[in-house]
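S.K.: Got a structure for you, model_16.cif, holding mmCIF, C-alpha atoms and all ligand atoms; chains and numbers go by the auth columns.
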data_coords
loop_
_atom_site.group_PDB
_atom_site.id
_atom_site.type_symbol
_atom_site.label_atom_id
_atom_site.label_comp_id
_atom_site.label_asym_id
_atom_site.label_seq_id
_atom_site.Cartn_x
_atom_site.Cartn_y
_atom_site.Cartn_z
_atom_site.B_iso_or_equiv
_atom_site.auth_seq_id
_atom_site.auth_asym_id
ATOM 1 C CA MET A 1 -8.958 -9.861 -15.256 0.00 946 A
ATOM 2 C CA SER A 2 -11.999 -9.860 -12.939 0.00 947 A
ATOM 3 C CA LYS A 3 -14.938 -7.476 -13.381 0.00 948 A
ATOM 4 C CA LYS A 4 -13.726 -5.380 -10.428 0.00 949 A
ATOM 5 C CA GLN A 5 -10.371 -4.829 -12.101 0.00 950 A
ATOM 6 C CA GLU A 6 -11.733 -3.541 -15.407 0.00 951 A
ATOM 7 C CA PHE A 7 -12.213 0.182 -15.895 0.00 952 A
ATOM 8 C CA LYS A 8 -15.895 0.938 -16.322 0.00 953 A
ATOM 9 C CA GLN A 9 -16.360 3.625 -18.979 0.00 954 A
ATOM 10 C CA TYR A 10 -18.915 6.196 -17.835 0.00 955 A
ATOM 11 C CA SER A 11 -21.815 7.247 -20.018 0.00 956 A
ATOM 12 C CA TRP A 12 -22.481 10.814 -21.119 0.00 957 A
ATOM 13 C CA LEU A 13 -25.531 10.783 -18.789 0.00 958 A
ATOM 14 C CA THR A 14 -23.391 9.866 -15.763 0.00 959 A
ATOM 15 C CA THR A 15 -21.099 12.829 -16.389 0.00 960 A
ATOM 16 C CA LYS A 16 -24.157 15.131 -16.618 0.00 961 A
ATOM 17 C CA ILE A 17 -25.652 13.740 -13.390 0.00 962 A
ATOM 18 C CA TYR A 18 -22.262 14.138 -11.694 0.00 963 A
ATOM 19 C CA SER A 19 -21.999 17.773 -12.873 0.00 964 A
ATOM 20 C CA ILE A 20 -25.471 18.538 -11.480 0.00 965 A
ATOM 21 C CA MET A 21 -24.679 16.823 -8.154 0.00 966 A
ATOM 22 C CA LEU A 22 -21.586 18.985 -7.777 0.00 967 A
ATOM 23 C CA LEU A 23 -23.738 22.126 -7.913 0.00 968 A
ATOM 24 C CA PHE A 24 -25.010 21.123 -4.459 0.00 969 A
ATOM 25 C CA PHE A 25 -21.658 20.139 -2.943 0.00 970 A
ATOM 26 C CA LYS A 26 -19.386 23.100 -2.605 0.00 971 A
ATOM 27 C CA ASN A 27 -16.839 21.699 -0.157 0.00 972 A
ATOM 28 C CA THR A 28 -13.491 23.247 -1.057 0.00 973 A
ATOM 29 C CA PHE A 29 -11.486 21.756 1.844 0.00 974 A
ATOM 30 C CA VAL A 30 -9.288 19.601 -0.401 0.00 975 A
ATOM 31 C CA VAL A 31 -8.243 22.329 -2.845 0.00 976 A
ATOM 32 C CA ASP A 32 -7.852 24.860 -0.004 0.00 977 A
ATOM 33 C CA THR A 33 -5.562 22.450 1.857 0.00 978 A
ATOM 34 C CA PHE A 34 -3.571 21.809 -1.312 0.00 979 A
ATOM 35 C CA ILE A 35 -3.065 25.536 -1.942 0.00 980 A
ATOM 36 C CA GLU A 36 -2.033 26.039 1.681 0.00 981 A
ATOM 37 C CA LYS A 37 0.558 23.261 1.600 0.00 982 A
ATOM 38 C CA VAL A 38 1.963 23.171 -1.925 0.00 983 A
ATOM 39 C CA ASP A 39 4.194 25.877 -3.344 0.00 984 A
ATOM 40 C CA GLN A 40 2.804 27.537 -6.465 0.00 985 A
ATOM 41 C CA SER A 41 6.019 26.927 -8.399 0.00 986 A
ATOM 42 C CA LYS A 42 5.262 23.188 -8.510 0.00 987 A
ATOM 43 C CA GLU A 43 4.225 21.431 -11.697 0.00 988 A
ATOM 44 C CA VAL A 44 1.095 19.431 -10.936 0.00 989 A
ATOM 45 C CA LEU A 45 -0.669 16.478 -12.577 0.00 990 A
ATOM 46 C CA GLU A 46 -4.272 15.780 -11.611 0.00 991 A
ATOM 47 C CA ILE A 47 -5.615 12.279 -12.124 0.00 992 A
ATOM 48 C CA GLY A 48 -9.359 11.661 -12.481 0.00 993 A
ATOM 49 C CA SER A 49 -10.201 15.332 -13.091 0.00 994 A
ATOM 50 C CA GLY A 50 -13.871 14.431 -13.676 0.00 995 A
ATOM 51 C CA THR A 51 -15.768 17.560 -14.653 0.00 996 A
ATOM 52 C CA GLY A 52 -12.820 19.789 -13.763 0.00 997 A
ATOM 53 C CA LYS A 53 -14.197 21.224 -10.511 0.00 998 A
ATOM 54 C CA ASP A 54 -10.783 21.219 -8.782 0.00 999 A
ATOM 55 C CA TYR A 55 -8.841 21.756 -12.007 0.00 1000 A
ATOM 56 C CA GLU A 56 -10.662 25.068 -12.474 0.00 1001 A
ATOM 57 C CA THR A 57 -9.510 26.362 -9.058 0.00 1002 A
ATOM 58 C CA LEU A 58 -6.019 24.877 -9.099 0.00 1003 A
ATOM 59 C CA SER A 59 -5.237 26.126 -12.613 0.00 1004 A
ATOM 60 C CA LYS A 60 -5.496 29.691 -11.258 0.00 1005 A
ATOM 61 C CA HIS A 61 -2.569 28.948 -8.905 0.00 1006 A
ATOM 62 C CA TYR A 62 -0.471 26.222 -10.544 0.00 1007 A
ATOM 63 C CA ASN A 63 0.856 24.975 -13.805 0.00 1008 A
ATOM 64 C CA ILE A 64 -1.462 21.962 -13.743 0.00 1009 A
ATOM 65 C CA THR A 65 -2.241 19.243 -16.268 0.00 1010 A
ATOM 66 C CA GLY A 66 -5.641 17.566 -16.024 0.00 1011 A
ATOM 67 C CA SER A 67 -6.359 13.963 -16.950 0.00 1012 A
ATOM 68 C CA ASP A 68 -8.934 11.203 -16.721 0.00 1013 A
ATOM 69 C CA TYR A 69 -9.328 7.682 -18.049 0.00 1014 A
ATOM 70 C CA SER A 70 -12.999 8.121 -18.878 0.00 1015 A
ATOM 71 C CA ASP A 71 -13.681 9.151 -22.473 0.00 1016 A
ATOM 72 C CA ALA A 72 -16.941 10.816 -21.417 0.00 1017 A
ATOM 73 C CA PHE A 73 -15.294 12.897 -18.672 0.00 1018 A
ATOM 74 C CA LEU A 74 -12.424 13.790 -21.039 0.00 1019 A
ATOM 75 C CA LYS A 75 -14.951 15.034 -23.580 0.00 1020 A
ATOM 76 C CA THR A 76 -16.630 17.177 -20.917 0.00 1021 A
ATOM 77 C CA LEU A 77 -13.259 18.594 -19.800 0.00 1022 A
ATOM 78 C CA ARG A 78 -12.114 19.423 -23.327 0.00 1023 A
ATOM 79 C CA LYS A 79 -15.414 21.142 -24.094 0.00 1024 A
ATOM 80 C CA LYS A 80 -15.424 23.138 -20.850 0.00 1025 A
ATOM 81 C CA PHE A 81 -11.745 24.201 -20.896 0.00 1026 A
ATOM 82 C CA LYS A 82 -11.222 24.939 -24.576 0.00 1027 A
ATOM 83 C CA GLY A 83 -7.630 25.074 -25.739 0.00 1028 A
ATOM 84 C CA GLN A 84 -6.289 23.282 -22.655 0.00 1029 A
ATOM 85 C CA GLN A 85 -4.738 19.871 -22.907 0.00 1030 A
ATOM 86 C CA PHE A 86 -6.128 16.919 -20.982 0.00 1031 A
ATOM 87 C CA TYR A 87 -4.406 13.545 -21.069 0.00 1032 A
ATOM 88 C CA LYS A 88 -6.000 10.128 -21.035 0.00 1033 A
ATOM 89 C CA ILE A 89 -4.202 8.559 -18.068 0.00 1034 A
ATOM 90 C CA ASN A 90 -5.192 5.411 -16.220 0.00 1035 A
ATOM 91 C CA ALA A 91 -4.451 5.768 -12.504 0.00 1036 A
ATOM 92 C CA LEU A 92 -3.492 2.116 -12.520 0.00 1037 A
ATOM 93 C CA THR A 93 -0.630 2.420 -15.004 0.00 1038 A
ATOM 94 C CA MET A 94 0.103 6.185 -15.032 0.00 1039 A
ATOM 95 C CA GLU A 95 1.506 6.178 -18.574 0.00 1040 A
ATOM 96 C CA SER A 96 3.024 9.613 -19.039 0.00 1041 A
ATOM 97 C CA GLU A 97 5.980 10.931 -20.982 0.00 1042 A
ATOM 98 C CA LYS A 98 6.250 13.914 -18.668 0.00 1043 A
ATOM 99 C CA HIS A 99 7.420 14.048 -15.062 0.00 1044 A
ATOM 100 C CA TYR A 100 5.741 16.162 -12.378 0.00 1045 A
ATOM 101 C CA ASP A 101 6.513 17.648 -8.952 0.00 1046 A
ATOM 102 C CA VAL A 102 3.110 16.756 -7.528 0.00 1047 A
ATOM 103 C CA ILE A 103 0.344 14.290 -8.396 0.00 1048 A
ATOM 104 C CA TYR A 104 -3.096 15.287 -7.105 0.00 1049 A
ATOM 105 C CA SER A 105 -6.427 13.508 -6.998 0.00 1050 A
ATOM 106 C CA ASN A 106 -9.771 13.974 -5.270 0.00 1051 A
ATOM 107 C CA LYS A 107 -12.035 10.937 -4.773 0.00 1052 A
ATOM 108 C CA VAL A 108 -10.425 8.819 -7.476 0.00 1053 A
ATOM 109 C CA LEU A 109 -8.237 6.169 -5.845 0.00 1054 A
ATOM 110 C CA GLN A 110 -11.112 4.420 -4.076 0.00 1055 A
ATOM 111 C CA HIS A 111 -11.955 3.056 -7.532 0.00 1056 A
ATOM 112 C CA LEU A 112 -8.819 0.884 -7.336 0.00 1057 A
ATOM 113 C CA THR A 113 -8.485 -2.349 -5.366 0.00 1058 A
ATOM 114 C CA PRO A 114 -5.591 -2.454 -2.855 0.00 1059 A
ATOM 115 C CA GLU A 115 -3.525 -4.509 -5.333 0.00 1060 A
ATOM 116 C CA GLN A 116 -4.227 -1.955 -8.062 0.00 1061 A
ATOM 117 C CA LEU A 117 -3.493 0.951 -5.747 0.00 1062 A
ATOM 118 C CA GLU A 118 -0.167 -0.574 -4.793 0.00 1063 A
ATOM 119 C CA LYS A 119 0.714 -0.821 -8.514 0.00 1064 A
ATOM 120 C CA SER A 120 -0.548 2.706 -9.095 0.00 1065 A
ATOM 121 C CA LEU A 121 1.717 4.098 -6.359 0.00 1066 A
ATOM 122 C CA ILE A 122 4.733 2.369 -7.917 0.00 1067 A
ATOM 123 C CA ALA A 123 3.786 3.870 -11.299 0.00 1068 A
ATOM 124 C CA GLN A 124 3.230 7.310 -9.741 0.00 1069 A
ATOM 125 C CA TYR A 125 6.689 7.102 -8.152 0.00 1070 A
ATOM 126 C CA GLU A 126 8.190 6.643 -11.611 0.00 1071 A
ATOM 127 C CA ILE A 127 6.754 9.864 -13.046 0.00 1072 A
ATOM 128 C CA LEU A 128 7.474 12.064 -10.038 0.00 1073 A
ATOM 129 C CA ASN A 129 10.459 14.380 -9.962 0.00 1074 A
ATOM 130 C CA LYS A 130 13.021 14.087 -7.167 0.00 1075 A
ATOM 131 C CA ASP A 131 11.423 14.876 -3.764 0.00 1076 A
ATOM 132 C CA GLY A 132 8.048 14.853 -5.513 0.00 1077 A
ATOM 133 C CA LEU A 133 4.768 14.732 -3.636 0.00 1078 A
ATOM 134 C CA LEU A 134 1.526 12.805 -3.856 0.00 1079 A
ATOM 135 C CA PHE A 135 -1.604 14.500 -2.549 0.00 1080 A
ATOM 136 C CA HIS A 136 -4.661 12.250 -2.692 0.00 1081 A
ATOM 137 C CA ALA A 137 -8.094 12.710 -1.135 0.00 1082 A
ATOM 138 C CA ILE A 138 -9.925 9.396 -0.679 0.00 1083 A
ATOM 139 C CA TRP A 139 -13.296 8.302 0.704 0.00 1084 A
ATOM 140 C CA LYS A 140 -12.828 6.539 4.015 0.00 1085 A
ATOM 141 C CA GLY A 141 -14.827 3.442 4.757 0.00 1086 A
ATOM 142 C CA ASN A 142 -16.269 2.198 7.982 0.00 1087 A
ATOM 143 C CA PRO A 143 -14.112 -0.857 8.810 0.00 1088 A
ATOM 144 C CA ASN A 144 -17.123 -2.503 10.477 0.00 1089 A
ATOM 145 C CA GLU A 145 -19.125 -2.473 7.274 0.00 1090 A
ATOM 146 C CA GLY A 146 -16.933 -4.739 5.228 0.00 1091 A
ATOM 147 C CA LYS A 147 -14.220 -3.585 2.903 0.00 1092 A
ATOM 148 C CA TYR A 148 -14.876 -3.939 -0.760 0.00 1093 A
ATOM 149 C CA GLU A 149 -16.750 -7.159 -1.404 0.00 1094 A
ATOM 150 C CA GLY A 150 -19.768 -6.251 -3.536 0.00 1095 A
ATOM 151 C CA LEU A 151 -19.181 -2.512 -3.185 0.00 1096 A
ATOM 152 C CA PRO A 152 -18.635 -0.296 -6.224 0.00 1097 A
ATOM 153 C CA ASP A 153 -15.599 1.279 -4.567 0.00 1098 A
ATOM 154 C CA VAL A 154 -12.973 0.180 -2.073 0.00 1099 A
ATOM 155 C CA GLN A 155 -13.363 1.574 1.418 0.00 1100 A
ATOM 156 C CA TYR A 156 -9.930 2.668 2.552 0.00 1101 A
ATOM 157 C CA GLN A 157 -8.575 3.540 5.958 0.00 1102 A
ATOM 158 C CA PRO A 158 -5.435 5.676 6.310 0.00 1103 A
ATOM 159 C CA GLU A 159 -3.584 2.612 7.685 0.00 1104 A
ATOM 160 C CA ASP A 160 -4.256 0.740 4.412 0.00 1105 A
ATOM 161 C CA ILE A 161 -2.064 3.282 2.605 0.00 1106 A
ATOM 162 C CA ASP A 162 0.695 2.697 5.131 0.00 1107 A
ATOM 163 C CA LYS A 163 0.758 -0.990 4.127 0.00 1108 A
ATOM 164 C CA ILE A 164 1.093 -0.328 0.396 0.00 1109 A
ATOM 165 C CA LYS A 165 3.050 2.934 0.266 0.00 1110 A
ATOM 166 C CA GLY A 166 6.205 1.183 -1.008 0.00 1111 A
ATOM 167 C CA ARG A 167 9.126 3.617 -1.225 0.00 1112 A
ATOM 168 C CA PHE A 168 7.032 6.656 -0.310 0.00 1113 A
ATOM 169 C CA VAL A 169 7.128 8.275 3.112 0.00 1114 A
ATOM 170 C CA ILE A 170 3.774 9.358 4.527 0.00 1115 A
ATOM 171 C CA GLU A 171 4.147 13.019 5.414 0.00 1116 A
ATOM 172 C CA GLU A 172 0.661 13.695 6.614 0.00 1117 A
ATOM 173 C CA CYS A 173 -2.776 12.183 6.849 0.00 1118 A
ATOM 174 C CA ILE A 174 -5.707 14.557 7.353 0.00 1119 A
ATOM 175 C CA GLU A 175 -9.175 13.239 8.103 0.00 1120 A
ATOM 176 C CA TYR A 176 -11.994 15.536 7.084 0.00 1121 A
ATOM 177 C CA LYS A 177 -15.720 15.781 6.420 0.00 1122 A
ATOM 178 C CA GLU A 178 -16.904 15.624 2.829 0.00 1123 A
ATOM 179 C CA MET A 179 -20.530 14.880 3.734 0.00 1124 A
ATOM 180 C CA ASN A 180 -20.362 13.195 7.153 0.00 1125 A
ATOM 181 C CA ASP A 181 -17.820 13.546 9.966 0.00 1126 A
ATOM 182 C CA ASN A 182 -14.488 11.915 9.080 0.00 1127 A
ATOM 183 C CA ASP A 183 -15.812 10.223 5.957 0.00 1128 A
ATOM 184 C CA SER A 184 -12.672 11.107 3.983 0.00 1129 A
ATOM 185 C CA PHE A 185 -8.948 11.597 4.306 0.00 1130 A
ATOM 186 C CA ILE A 186 -6.140 13.319 2.475 0.00 1131 A
ATOM 187 C CA VAL A 187 -2.856 11.462 2.367 0.00 1132 A
ATOM 188 C CA ILE A 188 0.361 13.289 1.501 0.00 1133 A
ATOM 189 C CA LEU A 189 3.301 11.100 0.504 0.00 1134 A
ATOM 190 C CA ARG A 190 6.867 12.168 -0.277 0.00 1135 A
ATOM 191 C CA LYS A 191 9.204 10.478 -2.776 0.00 1136 A
HETATM 192 C C1 LIG B . -15.869 10.528 -8.053 0.00 1201 A
HETATM 193 S S1 LIG B . -15.195 11.152 -9.570 0.00 1201 A
HETATM 194 C C2 LIG B . -14.179 12.487 -8.946 0.00 1201 A
HETATM 195 C C3 LIG B . -13.907 13.505 -10.001 0.00 1201 A
HETATM 196 C C4 LIG B . -13.157 14.769 -9.538 0.00 1201 A
HETATM 197 N N1 LIG B . -11.843 14.426 -9.047 0.00 1201 A
HETATM 198 C C5 LIG B . -13.932 15.523 -8.503 0.00 1201 A
HETATM 199 O O1 LIG B . -13.451 15.691 -7.357 0.00 1201 A
HETATM 200 O O2 LIG B . -15.050 15.963 -8.827 0.00 1201 A
HETATM 201 C C6 LIG B . -14.016 9.910 -9.992 0.00 1201 A
HETATM 202 C C7 LIG B . -13.219 10.228 -11.230 0.00 1201 A
HETATM 203 O O3 LIG B . -12.153 9.280 -11.297 0.00 1201 A
HETATM 204 C C8 LIG B . -12.018 8.823 -12.617 0.00 1201 A
HETATM 205 N N2 LIG B . -11.413 7.494 -12.564 0.00 1201 A
HETATM 206 C C9 LIG B . -11.927 6.346 -12.075 0.00 1201 A
HETATM 207 N N3 LIG B . -11.057 5.340 -12.234 0.00 1201 A
HETATM 208 C C10 LIG B . -9.960 5.874 -12.851 0.00 1201 A
HETATM 209 C C11 LIG B . -8.724 5.344 -13.303 0.00 1201 A
HETATM 210 N N4 LIG B . -8.427 4.059 -13.183 0.00 1201 A
HETATM 211 N N5 LIG B . -7.847 6.175 -13.886 0.00 1201 A
HETATM 212 C C12 LIG B . -8.125 7.505 -14.032 0.00 1201 A
HETATM 213 N N6 LIG B . -9.274 8.058 -13.649 0.00 1201 A
HETATM 214 C C13 LIG B . -10.178 7.251 -13.066 0.00 1201 A
HETATM 215 C C14 LIG B . -13.441 8.825 -13.151 0.00 1201 A
HETATM 216 O O4 LIG B . -13.472 8.819 -14.565 0.00 1201 A
HETATM 217 C C15 LIG B . -13.974 10.109 -12.539 0.00 1201 A
HETATM 218 O O5 LIG B . -13.675 11.220 -13.335 0.00 1201 A
#
Could you write out this structure as structure tokens?
Ligand SMILES: C[S@@+](CC[C@H](N)C(=O)[O-])C[C@H]1O[C@@H](n2cnc3c(N)ncnc32)[C@H](O)[C@@H]1O
M.R.:
Amino acid sequence: MSKKQEFKQYSWLTTKIYSIMLLFFKNTFVVDTFIEKVDQSKEVLEIGSGTGKDYETLSKHYNITGSDYSDAFLKTLRKKFKGQQFYKINALTMESEKHYDVIYSNKVLQHLTPEQLEKSLIAQYEILNKDGLLFHAIWKGNPNEGKYEGLPDVQYQPEDIDKIKGRFVIEECIEYKEMNDNDSFIVILRK
């Protein structure tokens, strides 16, 4: 397995820096769009919950399970949301005994290479209930600036998802501004 394919465990310091950064970025477009589009009766799994910024909002509306593959982020989540269960789930393999109606993520899947993302989507398909939905917000790259060689994350375009969606149907693709115009997109896929 190459360096790019290994999961890099984050340090405690990284999680603290990330929490502080989030104090300055209060863009709620992704969660607002989710709430607008997804019925509150749905059982939701979040992957890559991080510090729980979106989990905190979504748990007021949905029966949602949070998860991450980083031990440091999991520790932060369990400390912050006492008594709530967070699973250690790798987006690449999606090992889960439970099935869900919706799988949600915000700025997580760009950590996977296209080959890994293709595998992840197959694995996500397996743990989705009938007619289940994927709702993923991903950083969008500038195709003129190279794709992923030497970059910490993959730079995806919406059309990349179309190539690797497998048995999913793309229901919607919404480009939006996280920090700069059209630097991100939400892709909604139906089983
Ligand atoms: C940029 S942070 C986003 C966190 C959170 N979703 C948010 O919007 O603040 C990326 C998160 O994805 C998680 N992550 C990265 N690779 C992952 C993988 N293979 N499986 C599960 N989580 C992963 C990291 O541990 C981190 O919590």
S.K.: Pick the closest to ligand LIG 1201 (chain A) from A:Ser1012, A:Asn1125, A:Ser1041, A:Thr1002: which is it, counting all atoms listed in the file?
M.R.: A:Ser1012
S.K.: If you apply the PyMOL selection byres (((not hetatm)) within 7 of (chain A and resi 1201)) to this file, what residues do you get, as a list in words?
M.R.: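 Taken over the shown coordinates, the PyMOL selection byres (((not hetatm)) within 7 of (chain A and resi 1201)) returns Phe952, Tyr955, Ile992, Gly993, Ser994, Gly995, Thr996, Gly997, Lys998, Asp999, Asp1013, Tyr1014, Ser1015, Phe1018, Ile1034, Asn1035, Ala1036, Leu1037, Ser1050, Asn1051, Lys1052, Val1053, His1056 and Leu1057 of chain A.
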S.K.: Once the PyMOL selection byres (((chain A and resi 1112-1120) around 8) and not hetatm) has been applied to the shown file, what residues remain in the selection, as a VMD selection string?
M.R.: chain A and resid 1070 1103 1107 1110 to 1111 1121 to 1122 1127 to 1136
S.K.: Rank A:Glu991, A:Asn1008, A:Tyr963, A:Gln1029 by their smallest atom-to-atom distance to Leu1079 (chain A), using all atoms listed in the file, and report the top residue only.
M.R.: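 Between A:Glu991, A:Asn1008, A:Tyr963, A:Gln1029, the residue approaching Leu1079 (chain A) most closely is A:Glu991.
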S.K.: I'd like to know which of A:Thr959, A:Ser1004, A:Thr1058, A:Thr1010 is closest to Ile980 (chain A), using only C-alpha atoms.
M.R.: A:Ser1004
S.K.: Once the PyMOL selection byres (((chain A and resi 1074) around 7) and not hetatm) has been evaluated on this model, what residues remain selected, and can you format them as a list in words?
M.R.: His1044, Tyr1045, Asp1046, Ile1072, Leu1073, Lys1075, Asp1076 and Gly1077 of chain A
S.K.: With C-alpha atoms retained, export the selected residues as a PDB file, in the frame of the given file.
M.R.:
ATOM      1  CA  HIS A1044       7.420  14.048 -15.062  1.00  0.00           C
ATOM      2  CA  TYR A1045       5.741  16.162 -12.378  1.00  0.00           C
ATOM      3  CA  ASP A1046       6.513  17.648  -8.952  1.00  0.00           C
ATOM      4  CA  ILE A1072       6.754   9.864 -13.046  1.00  0.00           C
ATOM      5  CA  LEU A1073       7.474  12.064 -10.038  1.00  0.00           C
ATOM      6  CA  LYS A1075      13.021  14.087  -7.167  1.00  0.00           C
ATOM      7  CA  ASP A1076      11.423  14.876  -3.764  1.00  0.00           C
ATOM      8  CA  GLY A1077       8.048  14.853  -5.513  1.00  0.00           C
TER       9      GLY A1077
END
